[in-house]
Each structure stands twice: as C-alpha cells, then as structure tokens.
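Worksheet for the structure shown next.
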Amino acid sequence: QQQEPQDVDQQEKEQDQQSEEAVKLDSAEGAASQETQQDTSTAGEAGDEEPSAESRPAEEPTEEDSENETGETEPEEAVEEDNGATTTTIDTANSDADENEEGDELEGQLLPERQDSLEEYAEDRTTRPEAGNDHDDDEDSAGIPTISSSLSSEMKEDDRTGRSVTSSRNTSVHATPLVTEWVYGINCDIPLQSLTLDKNKSPQLVYAAGHLVVIYDFQRNTQKLLSVHRNNITCFAVSSCQDWIVTADMGQYDSILNVWDSYSRELVRTYFCPHQTGAIAAAMSDSTEILVSLGGQRPQTLNAYQWSDVAQQDAFVSVELPMMNDLQRSVAFYPKDKCHFITWSATSVIFHSLDVENCEISSRRRVLDSKKFNRMIGGVTGCVFDATGGQLLSSTTEGNIIIWIPLDESDMSAHPMMRMEPHKLVHLSSTSINFIGYTQQLLAAGTADGKVSFYDDDIKLRYWYDQIKEGSVASVTFSQEKLLSHGMAYPADASKMARRFVIPEFFVCTLNNVITKCSPLGRGKFEVLLRDHPTPVDCVVAHPFLSRIFTGSHHGYLKMIDYKRRLPLLDRQISAAGKLQVLAVDPTAEFLAVGFSDGQVQVLAALDLSDQSTSFHMSKAAIKEIAFSHDAQYMATSDDDRCVVVYHRPLPEINIDSDGEADDTEDFLKAESPGSSKSTSGTNTTGVQPVYPWSYVGKYRSHYKPIQGIMFGVNEETLEPRLFSLGADQILVEYDLADSVEDDLRILTSDRIEQHATPTCVAWYPRFSKELFFITSNSEYKLKLYNPSTKMTRYTFQAMSCLDPVDKMLFLPLTEHEDFSTDGLQQTGYMAYAARDVIGLAQCPLDGNPYKYHRYIGHPSGVACMTASHDGEYIFTAGGEDRSVIVHKVHRDVMDATVRAGGTGITPFYQCLPDGQRETEWFEKLMGYFYVIQLQVQGADTQEKRDIGQTIPTSEVPLIMRSIGFYPTEYQITNMLNEVKFSTYSETGYYKETVDLEDVIRLYVNHRPLVGSLPHHVTSAFDVLQHAVDGIGSDGDISTAALVKLLQERGEHLTEAELAEHMCYLFCKPADYLELPDDYQEGDAVHTSLEPDGENLKMSSIVARVPPDMNPHSFMARFLDMSDDVA
C-alpha cells in the first residue's frame, strides 16, 4: 500500500506538540510510547493507509537490511547508503534503518520519511535507490556496456509548494561495479552549510569535496553523496526552507546546474551548460520560485530560472553583465522577495531587479571608493541583508563593515534595495572578515585570526569566541533546530545588563580544512568534527593486511585512517623542505617510506608514524615513485631526474632448527609474512635478529626520458627479487641487484619494448596461465603483455574507451571467496585503472571484451594516486588539487553479471566492429575475404575439389587485415603472428599455425588503432622533419625535394618504386594512381594514367606534381582534408 502525502503544516504542528509533551514528561520512553499510540490510531482511522516510518517501533536491523544499507554485513563497517544502492528491492520501513554501533547498540534513529514528499517518490520508493547514491554515470559510460539504471522524467506536483517539478526516476535498479562510498576532504573555498531536516534533531553538514557534495551526519558518522557532476563543484546553496539544494560546476562542454530534494536526495532538475563554462554562484529565493546563477567566464552572464516549471528547459532570462576589472563572485536575494537580488565582487556591488512578466533584468552598479570614507576599505568578502531588508552589510578584507541604506532619492518609487548607497563604515577587526551572516537578529562575523564575534543592530559587540585556534575562519553556519533556553546555562553577553546570550550551536570551517562545532552553553565548547588536508593530496597507500590507509599532502600533513570505521587514527606534521608527494608501505607493514619534492626520502614506522633512524637525500629531483621488494629486503625510488636509486636492508640471520638444518629461503619468506609468529616486526620471540637499518646501494640514470614506473618481481628459480624500470623512452631496464655493491648499481638488461607508442605505466600480471607476464599501457590506448625473460610482446588488448590513455593500474587481491585452481593458476581477477580523471574496474583475464570494463569520473582534476585494500574490497584514489581521497566500493558480483550480460565467445566483440554489429555489409565482406584466402592458399587456378574449412594459415593474417582497412606496420604484424603462434604453446608445447574467423576478429579489434591521425600528430611529425632536413623555408616550410631525399636516405629503407607508389597514392587524385609494372627497376620510367597520351614519368616528374613546399597546415588541408581544429 502507498502512503498518501499529508499536509506539511499539520505534520509540523504534530511534531511540535510531541516535542512539548516530551519535555513535560521528561521521559524519552513515555514520549516514544505516546507518539507510537497517536500514529497507530491515526493509521487506524485512515483505514487502508499504511503506518508511517515514524509510527513503526524501532526494529533491530537484520543482516540483510544491514547489507542493503552499507554493502557490508559486519556491524563495524555499517555506513548508511541511499536506500541501498546494491539491492533491487528496498523496504520503506527499513530503507533508513538505524545503524549498529559495536554490533549491538543503535546509534540513533535516522530521519523519518517525509510524508509530504512528491507523489512520485511515494509511488516508487520501494524499488528506487536515491539519486545521490546512484553513481552510475550514464553519460560518462557511453560506449561501455554496463548494468545501469534507466531514467525517465515525469512531471509531479510537489505538495510543499504546489508546483510541478521534473524528477529523475529509476524504473529499474541495479548496482554498479564501482560505487563511491566515502570521501575524505573538504573544499573550504565553498561556504559550509547546515541542513536541519527536523528541528527536533541535530543538523547535518553540507560541504563540497571535489565533484561531490557531501551531506555529513556527524553524530552517526555517515555520509550521503550527491554525485552526478563531471567537474569539480564550484558552488552550492541550500534554500531558506531547507527543502532544496542547488549544485553547480564549471566545465568547457559539460557543466551542469542541478536542483536536489534535500530530504530524499533525489535529483529533480538539471540544466546543461547553463553558462559558457558553468556557474560560479547560485542562489534560490526565499519562496523557492526563482533560481539565479552567475557565470564564471567573461563576458559574464546572469541567468534566472523558474525551475519548477517543466515547460521551461532553460533560463527564462539571461543578461550579460557589464565588463569590469573583476568578476562578480556571489549572489544573494533580498529577504522575502523573489524579484530583487544582488551580486558582488571585490570592488563593486550590483543591485538587480527581475521583471518576471516581461522577462527582463534591470541592474544598478555601485563601485566602492575609499575616498568616500577617507580610509582603506578593502575588498568585499561577503554581503548580507538584515532580517527586514532595511540595510545591507558588506564585509571587507581590511576588517571593515560597510552599511548600505536607501539614500538615492532620484526615484522614490523604486524598490528600497535599488536605492541603496554605502552610508557608513565600521571597523571591527584588525584582520580580514571572511564571513558575515545573521542569526537570532545578531550579526555574526568570522575573521582571519580565528575569531567569531556577534553584534547587535547597532554593531555593538555582544559576544565573541576565540577558542577555535584552527586557523582563519572560512565560513560559519548555524543550526536551525529549536532553542530550549529554559534551564540552559547560556553565558552572559558583553552588554551592561549582562543578558543571557542565546544562540543555536554553530559550525565553523577554517582555511585549514577543519570543521569544528561550537556549543554556546557555558563559555563555549569547540569540538573538531573533521580535519582534512589543507593542501593538495598526491598520495594514498593501503596497509598490506589491516583496514588502514595512509594519506599525505604537500605541506607534510600525514594521516592514518581506519577506512571501515571511518575514523582517523593518527596524524602527524612532517617538517621537510620539499612537498610530500609519495608514500609506500613495505609488505611486512613495518616501514612507511615518504618521498618529497626535494629528493629526500624518510622511512617512518608504519605502526605509529614515528621517525626511524633512516633518512636519505640521494636524489636531486622530486621523488616520483617508491617500491619495496616482496621480502622487504630492497627499496627503490625513481625521480624526475630519470634516476633509479636502490636501498638495501640485510636479511636477518635464520636460526638453526633442532635438526641442525637452517631454514630455507621459502621458510624465511613465510616468517616474514604478516601475522606469522616468526615475523621480524614487533617483539623478537623466536630468536630472529632485530631489523637492520636501510643502507644506500646505488643510483643510475637509466633513461633519457621520464620514468613511467618501477616494479619489483621475483626470480622463479632463486626466489630473489628482480627490479625493473620502464621509461617514456620505450626502454625496459632490469637491474642486477645480486652483483650491485655500495655506490655501484648495475644494469642487467636494457630492451626496447615499443616502436612508436609511449608507455604510461607497468605492473605484474596475475598468473592466469603457466607463462608469467607483466603488463603495460601505452599512449595508443593499448594494453600489452610481455614475457619478462624474452621481452617479447605476447598479447595486445584494446584499452578502455577513455579520453586519455590508462596511466595507473593495479590488480586487486583475491577475496576469501576466490581461490586458485588445482594447478596453482588464478581463475579470475580484477584490475583497477585510472586514466587522468577516470577510475575504472576491469575483469581479468583480459581479452579485449568491452563488457569487462566499467568506469566513471573519479577526480575531475586528475587521479594523482591509486591503491587498493588488502582484501580487494575497496579502491582508494587521491585527487591532488581537489584535496580529497575517495573510497570506491568494489562489487565483483555486479561486474560478473555485466560480463555475462554482454554474451560469450565472440559476441561481445561485434559491437567493436566498424558498424557495431554482425549483420552488416562490412562483416559480409570480411567473411568473403576469409573464404577467398582459403581458395588462394589451395590454388586459384586448380581444377581439383577445394576443401573449404574454418581456418586460414597465420601467414595470411596481414593480408586479410589490409583487405578490411587495417594496414599494420611490420612491428604490428610480428606482434600479431607471435600472439597467435604462442597462444597455446605453454599448455600444449606446439605452435598454433592457423586462425579461424573469431581469431581474426579479436586480432582486428585489439590491434587496430583506436585513434587516427590528429592535427597535433601531423605537427609533431613536421617538427621532427624540420630538424632533420636542410631545406627549411623562412616560415617553417619543408621543400618537397628535401623531403623525398630524406625519406630515401633516413629511417626505414624505401625503394624508388615504393616511394613513387606511396607518393602517388597520397598526392595524386584517385584517377591518377600510378600503374607500376611487375619488372619495375629503380630509375625506370613510370607509366601513369594521369596523361591521356600515356607519358612516361620518372620520380622527378612525380615530385613536380607536388607543391614545392609543405607545412603542417597546408599538408592537412590539401592532402588529409583535415582542419587544425579537429578534436
């Protein structure tokens, strides 16, 4: 049965009566009993109406309900999620069930379901997750098949306002393989807001973190995330009635402006590209009828929306503001007025009047002038109207308050706000006033010295709080809960009468990214609720066997966090000359290595972040990466100076057992494993020698381009560590650790593994077959598997269809439900990857199947670092400039279901073909070529019966690839043939000599280039040619004669016939193609169909038909039909 919406005012009256009765009875149990009886009787009178969530007695959540809420079954991991994004059916009574604390005690009831919510929400509540937790980005996942929610828009009437709104409605509910579960970080540049959904309950905090808006319940330590933005949040606003939240971002082509229902966190309205690059400020009128947004790029635009009118798909008024030295940064409405509002910048305030009927906005600008007050004013930091709107107050960076009142008498019929002029200047602080606002008819001001002061209507000091001591105040927000002044120990104010100073509790966000709560009772008690990194976070690393992560920011702030309980455990400020950039934990969890931008490496104790005796400064450039060997015997670093530095920790001595035999290396590795009684970390209870300090081995500049990755491996025969480094110079270097001595790091091998593409990252590939591989990603959107012994390319796969190549990847550890097969090989696995701003998950073993990939926006400013939990359940990403760390929950069962939904065998690959399916003309041609090749192999002119089968020889692979439009290089041909030839060798011991049609399709999908030639590719090629030839014109043109000479003398050898053929195909019209005889020799004349009389042309004649000079622009325009602005 569906709940019918109730009247809002009547519901609030009932809640007020219940609160008063609870105070009189002074008994929570009595009040709860009375409330239950009242609601039960009301439900009985309603007949078929189902009891509301408020009237139901509190029930102990079942294990299934707990998993619906959190995705976890363990009590200590319980975190409320929006109606259970991982379930397909959610019960209304249990959708907001209470969470467990320590597995037994309830932390407190969640807010009840709003009875006055949209009819749509009540109708579909049992089958729809909340949009705030629907993290599947449909738009971002275009081209990548996933199980996602299908959305439809329906118009419903909102009982709170009587207006119609459009809400996104999920008609089918599915979880996604990756879900954003938690975010650590605060964007203090956007003012903190409080959200009081029930005036009898404590408020929740609303703040921005990267591209997410977080609704944080600090009492129960839970988060609700509003996450549909593809760019970092630039502004958000909470309506005065607390019913709606407005969020906006800025992006070149994909900015959006959203309106959310704050009670259900449903997305009810979206405006795409509201301004040229997005909005930097937004506000909603007190009546919630008008929404105003302010553009963030010149020329600056101002938009007004009647957002509840579904017929209006865009702003009904848009005006361009006059050009000024600085942009308007904020917007605020006049009290109780939907048609008058202001915007301001550091030097001016603009008053706006909106004419709804005529769709016009008239504006009046006032520039602040220090001469008016004969003193320095400072830049405006904030503006606020008093409760009546009779005056406007502006705060400045010089600690002043500017009072505006209606003084302009030129048009007395105008609105009072439009006649306001600066009237008075009051100096309040010696430092900047960063925040100004009103509460309880008192003016509140937060200053750069960390104080929050309160003033009356005459700007006289009533009270102040200076105990924050967490840095400069960035913003302040006040709770909207009811004040109970009777019997409360409020302090006396600073007036002569010493009246009680009664204000609600408030929350302060500082520029150090610290949020504190102040209880005004007594002298004021401040409690730190959140403390996050105030500077960019470039590194995060997970503990190898505990639910801990370590995060570090540029200014040296280091934190240890329990990510399951969402609690910070330890933090520390490290003093160093450089920025903290890299973190790494050794496999035994004894050491935490910290790398800095000045080349310093510090080794801390991972247990308590204390200093070890070891600190090195062997690099002259910033540390880029730190890696440990599997036995924690070696540590290696790479830096921006293209050098690899190795450190060594001697192995402890192994005791002789009772039989007089020493433990072998394998036993020692077991002793070093975490949790082992023989572990060298912790107390020495088995006679193992104490841990030796780290010592410097050597340093080697082994690459001439930046190092893209370093990794340790294990020698399968000796179990000794192996160290590799891969550079952008396409060179893979292996180091000779066994023969390296102090200050003499030696190289064992150096191999080029790419011909043209630039490697971007490297990692070890799980053991899915008997053959060991490592995997690389490159700039051509390919993933490649290599044999570490032969350095041969064994497999090539198409990478994910991201806008950028994969630059980070790691393989998740096996869970307790996954295991190895009987032959010791891993059956399945999962790879986490990042591509600039995208975070994704891929199912392994890789084969190019597009359904095995899932991705979404991780950090719009770029993923700076990525790591995974020891159990493979979570992925952690650091966002660098957005100062946030995001926790992504991995749902492997959903990933498996997505792969199964895509089909088996060759079926998933069909969508990667040119026309996206099998039943096409292109596919018919491919089948025809396949059978023609079989005929040619058996003899085209033979009269004997031909045996048409399902395979062709591997030697014919290049021919069929060229016939379907893919022209591989000799390097690519070798890779394809080796891939087929050795595909079954490790299992059977025989080479594979034939391929079938499915093999051909897989090779085509995985090896063909995903991106064609772009303008910057052509420009880069001409830059190389200009440095190699002498015939360069004054404007950078290359002479055709010099180009021909260069192509014949340098690089890959081309005969004159080959060059003539290529140049004719490129430079001549289709009817002009040369016809070269089979017996053509260099220097022979060339017959062309170009001339009607069959004139014989030599190479010089062909060159004569080409422009004498070429540059990138003319080459693209004339021969490639490509403009410079091609994306």
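In the structure tokens, each chain is lettered A, B, ... as it comes, each chain's residues begin at 1, and ligands are numbered from 1 in order of appearance.
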Write out as a list in words which residues come within 9 Å of region 753-758 of chain A when counting only C-alpha atoms, dropping same-chain ones fewer than 2 positions away. Gly727, Ala728, Asp729, Gln730, Ile731, Leu732, Asp751, Thr760, Ser777, Asn778, Ser779, Glu780, Tyr786, Lys791, Met792, Thr793 and Tyr971 of chain A
Could you please take those selected residues and save N, CA, C and O atoms as a PDB file, in the first residue's frame?
```
ATOM      1  N   GLY A 727      60.627   3.475 -18.992  1.00  0.00           N
ATOM      2  CA  GLY A 727      60.635   4.905 -19.248  1.00  0.00           C
ATOM      3  C   GLY A 727      59.813   5.290 -20.454  1.00  0.00           C
ATOM      4  O   GLY A 727      59.415   4.445 -21.274  1.00  0.00           O
ATOM      5  N   ALA A 728      59.564   6.571 -20.567  1.00  0.00           N
ATOM      6  CA  ALA A 728      58.879   7.095 -21.749  1.00  0.00           C
ATOM      7  C   ALA A 728      59.736   6.952 -22.992  1.00  0.00           C
ATOM      8  O   ALA A 728      59.250   7.163 -24.106  1.00  0.00           O
ATOM      9  N   ASP A 729      61.004   6.600 -22.833  1.00  0.00           N
ATOM     10  CA  ASP A 729      61.893   6.337 -23.962  1.00  0.00           C
ATOM     11  C   ASP A 729      61.691   4.945 -24.548  1.00  0.00           C
ATOM     12  O   ASP A 729      62.460   4.511 -25.393  1.00  0.00           O
ATOM     13  N   GLN A 730      60.655   4.201 -24.063  1.00  0.00           N
ATOM     14  CA  GLN A 730      60.274   2.874 -24.545  1.00  0.00           C
ATOM     15  C   GLN A 730      61.269   1.794 -24.131  1.00  0.00           C
ATOM     16  O   GLN A 730      61.219   0.681 -24.656  1.00  0.00           O
ATOM     17  N   ILE A 731      62.135   2.104 -23.180  1.00  0.00           N
ATOM     18  CA  ILE A 731      63.166   1.159 -22.741  1.00  0.00           C
ATOM     19  C   ILE A 731      62.752   0.524 -21.428  1.00  0.00           C
ATOM     20  O   ILE A 731      62.356   1.229 -20.474  1.00  0.00           O
ATOM     21  N   LEU A 732      62.840  -0.798 -21.359  1.00  0.00           N
ATOM     22  CA  LEU A 732      62.651  -1.546 -20.119  1.00  0.00           C
ATOM     23  C   LEU A 732      64.022  -1.970 -19.615  1.00  0.00           C
ATOM     24  O   LEU A 732      64.768  -2.661 -20.320  1.00  0.00           O
ATOM     25  N   ASP A 751      66.084  -3.238 -22.858  1.00  0.00           N
ATOM     26  CA  ASP A 751      65.387  -3.653 -24.069  1.00  0.00           C
ATOM     27  C   ASP A 751      64.353  -2.611 -24.458  1.00  0.00           C
ATOM     28  O   ASP A 751      63.641  -2.067 -23.592  1.00  0.00           O
ATOM     29  N   THR A 760      52.959   4.229 -20.536  1.00  0.00           N
ATOM     30  CA  THR A 760      52.430   5.114 -19.498  1.00  0.00           C
ATOM     31  C   THR A 760      52.491   4.504 -18.104  1.00  0.00           C
ATOM     32  O   THR A 760      52.549   5.235 -17.124  1.00  0.00           O
ATOM     33  N   SER A 777      50.651  -0.212 -20.309  1.00  0.00           N
ATOM     34  CA  SER A 777      49.709   0.597 -21.064  1.00  0.00           C
ATOM     35  C   SER A 777      50.494   1.621 -21.853  1.00  0.00           C
ATOM     36  O   SER A 777      51.574   2.047 -21.419  1.00  0.00           O
ATOM     37  N   ASN A 778      49.964   2.029 -22.998  1.00  0.00           N
ATOM     38  CA  ASN A 778      50.710   2.991 -23.809  1.00  0.00           C
ATOM     39  C   ASN A 778      49.813   4.107 -24.305  1.00  0.00           C
ATOM     40  O   ASN A 778      48.596   4.099 -24.098  1.00  0.00           O
ATOM     41  N   SER A 779      50.423   5.064 -24.959  1.00  0.00           N
ATOM     42  CA  SER A 779      49.721   6.264 -25.414  1.00  0.00           C
ATOM     43  C   SER A 779      48.772   6.000 -26.565  1.00  0.00           C
ATOM     44  O   SER A 779      48.005   6.887 -26.938  1.00  0.00           O
ATOM     45  N   GLU A 780      48.813   4.816 -27.146  1.00  0.00           N
ATOM     46  CA  GLU A 780      47.914   4.466 -28.245  1.00  0.00           C
ATOM     47  C   GLU A 780      46.720   3.656 -27.753  1.00  0.00           C
ATOM     48  O   GLU A 780      46.092   2.943 -28.516  1.00  0.00           O
ATOM     49  N   TYR A 786      53.858  -8.820 -21.794  1.00  0.00           N
ATOM     50  CA  TYR A 786      55.208  -9.170 -22.216  1.00  0.00           C
ATOM     51  C   TYR A 786      55.728 -10.320 -21.355  1.00  0.00           C
ATOM     52  O   TYR A 786      55.406 -10.423 -20.162  1.00  0.00           O
ATOM     53  N   LYS A 791      61.202 -10.626 -23.210  1.00  0.00           N
ATOM     54  CA  LYS A 791      60.721  -9.262 -23.516  1.00  0.00           C
ATOM     55  C   LYS A 791      59.878  -9.235 -24.795  1.00  0.00           C
ATOM     56  O   LYS A 791      59.713  -8.191 -25.422  1.00  0.00           O
ATOM     57  N   MET A 792      59.353 -10.386 -25.179  1.00  0.00           N
ATOM     58  CA  MET A 792      58.519 -10.480 -26.374  1.00  0.00           C
ATOM     59  C   MET A 792      57.097 -10.031 -26.050  1.00  0.00           C
ATOM     60  O   MET A 792      56.563 -10.358 -24.989  1.00  0.00           O
ATOM     61  N   THR A 793      56.492  -9.300 -26.981  1.00  0.00           N
ATOM     62  CA  THR A 793      55.085  -8.919 -26.840  1.00  0.00           C
ATOM     63  C   THR A 793      54.231 -10.155 -27.099  1.00  0.00           C
ATOM     64  O   THR A 793      54.236 -10.708 -28.191  1.00  0.00           O
ATOM     65  N   TYR A 971      56.133  -4.163 -37.391  1.00  0.00           N
ATOM     66  CA  TYR A 971      56.190  -4.428 -35.950  1.00  0.00           C
ATOM     67  C   TYR A 971      54.856  -4.980 -35.466  1.00  0.00           C
ATOM     68  O   TYR A 971      54.812  -5.957 -34.695  1.00  0.00           O
TER      69      TYR A 971
END
```
When you look at region 860-872 of chain A with a cut-off of 7 Å (counting only C-alpha atoms), what residues show up, excluding the ones that are within fewer than 2 positions of it in the same chain? I need them as a ChimeraX atom specification. /A:211,230-232,538-546,812-815,834,836-837,857-858,874-882
Selection near region 925-938 of chain A, 12 Å with only C-alpha atoms, sequence-local residues under 3 positions removed, as number ranges by chain: A: 913-914, 918-922, 941-966, 994-1001, 1004
A:Thr1019, A:Gln193, A:Thr477, A:Gln328: which is nearest Phe351 (chain A), counting only C-alpha atoms? A:Gln328
Compile the contact shell of Thr828 (chain A) as a ChimeraX atom specification: residues with an atom at most 12 Å away, counting only C-alpha atoms, same-chain residues fewer than 2 positions apart removed. /A:765-769,811-815,817-821,825-826,830-831,842-846,852,892,895-896
Fewer than 3 positions away in the same chain doesn't count, so skip those; otherwise give me all residues within 8 Å of Asp493 (chain A), counting only C-alpha atoms, as a list in words.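 The filter keeps Arg462, Tyr463, Ala498, Arg499, Arg500 and Phe501 of chain A.
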As a PDB file with N, CA, C and O atoms, in the first residue's frame, please: the residues near Pro520 (chain A) (cut-off 8 Å, only C-alpha atoms, same-chain neighbours under 5 positions excluded).
```pdb
ATOM      1  N   TYR A 490      23.338  29.266  29.357  1.00  0.00           N
ATOM      2  CA  TYR A 490      23.899  30.164  28.365  1.00  0.00           C
ATOM      3  C   TYR A 490      24.721  31.246  29.060  1.00  0.00           C
ATOM      4  O   TYR A 490      24.384  31.692  30.168  1.00  0.00           O
ATOM      5  N   PRO A 491      25.788  31.706  28.426  1.00  0.00           N
ATOM      6  CA  PRO A 491      26.639  32.715  29.070  1.00  0.00           C
ATOM      7  C   PRO A 491      25.985  34.098  29.028  1.00  0.00           C
ATOM      8  O   PRO A 491      25.021  34.337  28.299  1.00  0.00           O
ATOM      9  N   VAL A 502      21.875  33.862  23.959  1.00  0.00           N
ATOM     10  CA  VAL A 502      21.230  32.642  23.481  1.00  0.00           C
ATOM     11  C   VAL A 502      21.323  32.587  21.962  1.00  0.00           C
ATOM     12  O   VAL A 502      20.728  33.413  21.262  1.00  0.00           O
ATOM     13  N   ILE A 503      22.066  31.649  21.459  1.00  0.00           N
ATOM     14  CA  ILE A 503      22.165  31.390  20.019  1.00  0.00           C
ATOM     15  C   ILE A 503      22.215  29.881  19.814  1.00  0.00           C
ATOM     16  O   ILE A 503      22.536  29.121  20.740  1.00  0.00           O
ATOM     17  N   PRO A 504      21.877  29.421  18.645  1.00  0.00           N
ATOM     18  CA  PRO A 504      21.992  27.981  18.385  1.00  0.00           C
ATOM     19  C   PRO A 504      23.451  27.563  18.240  1.00  0.00           C
ATOM     20  O   PRO A 504      24.338  28.405  18.085  1.00  0.00           O
ATOM     21  N   GLU A 505      23.670  26.263  18.304  1.00  0.00           N
ATOM     22  CA  GLU A 505      25.020  25.790  18.052  1.00  0.00           C
ATOM     23  C   GLU A 505      25.399  26.115  16.608  1.00  0.00           C
ATOM     24  O   GLU A 505      24.557  26.145  15.717  1.00  0.00           O
ATOM     25  N   LYS A 525      32.125  25.646  23.891  1.00  0.00           N
ATOM     26  CA  LYS A 525      32.963  24.458  23.805  1.00  0.00           C
ATOM     27  C   LYS A 525      33.090  24.061  22.342  1.00  0.00           C
ATOM     28  O   LYS A 525      32.096  23.775  21.678  1.00  0.00           O
TER      29      LYS A 525
END
```
What's the 9 Å shell around region 198-207 of chain A, counting only C-alpha atoms, without same-chain residues fewer than 3 positions away, as an NGL selection string? :A and (15-16 or 19 or 111 or 186-188 or 190-195 or 212-219 or 236 or 238 or 477-482 or 507)
Calculated over only C-alpha atoms, which of the candidates A:Met800, A:Ala897, A:Val179, A:Ile747 has the smallest distance to Asn849 (chain A)? A:Met800
Among region 334-574 of chain A, which residues does DSSP mark as strand (DSSP E) when it is run on the backbone? Keep the chain and numbering as in the structure and answer as a count of residues only. 118
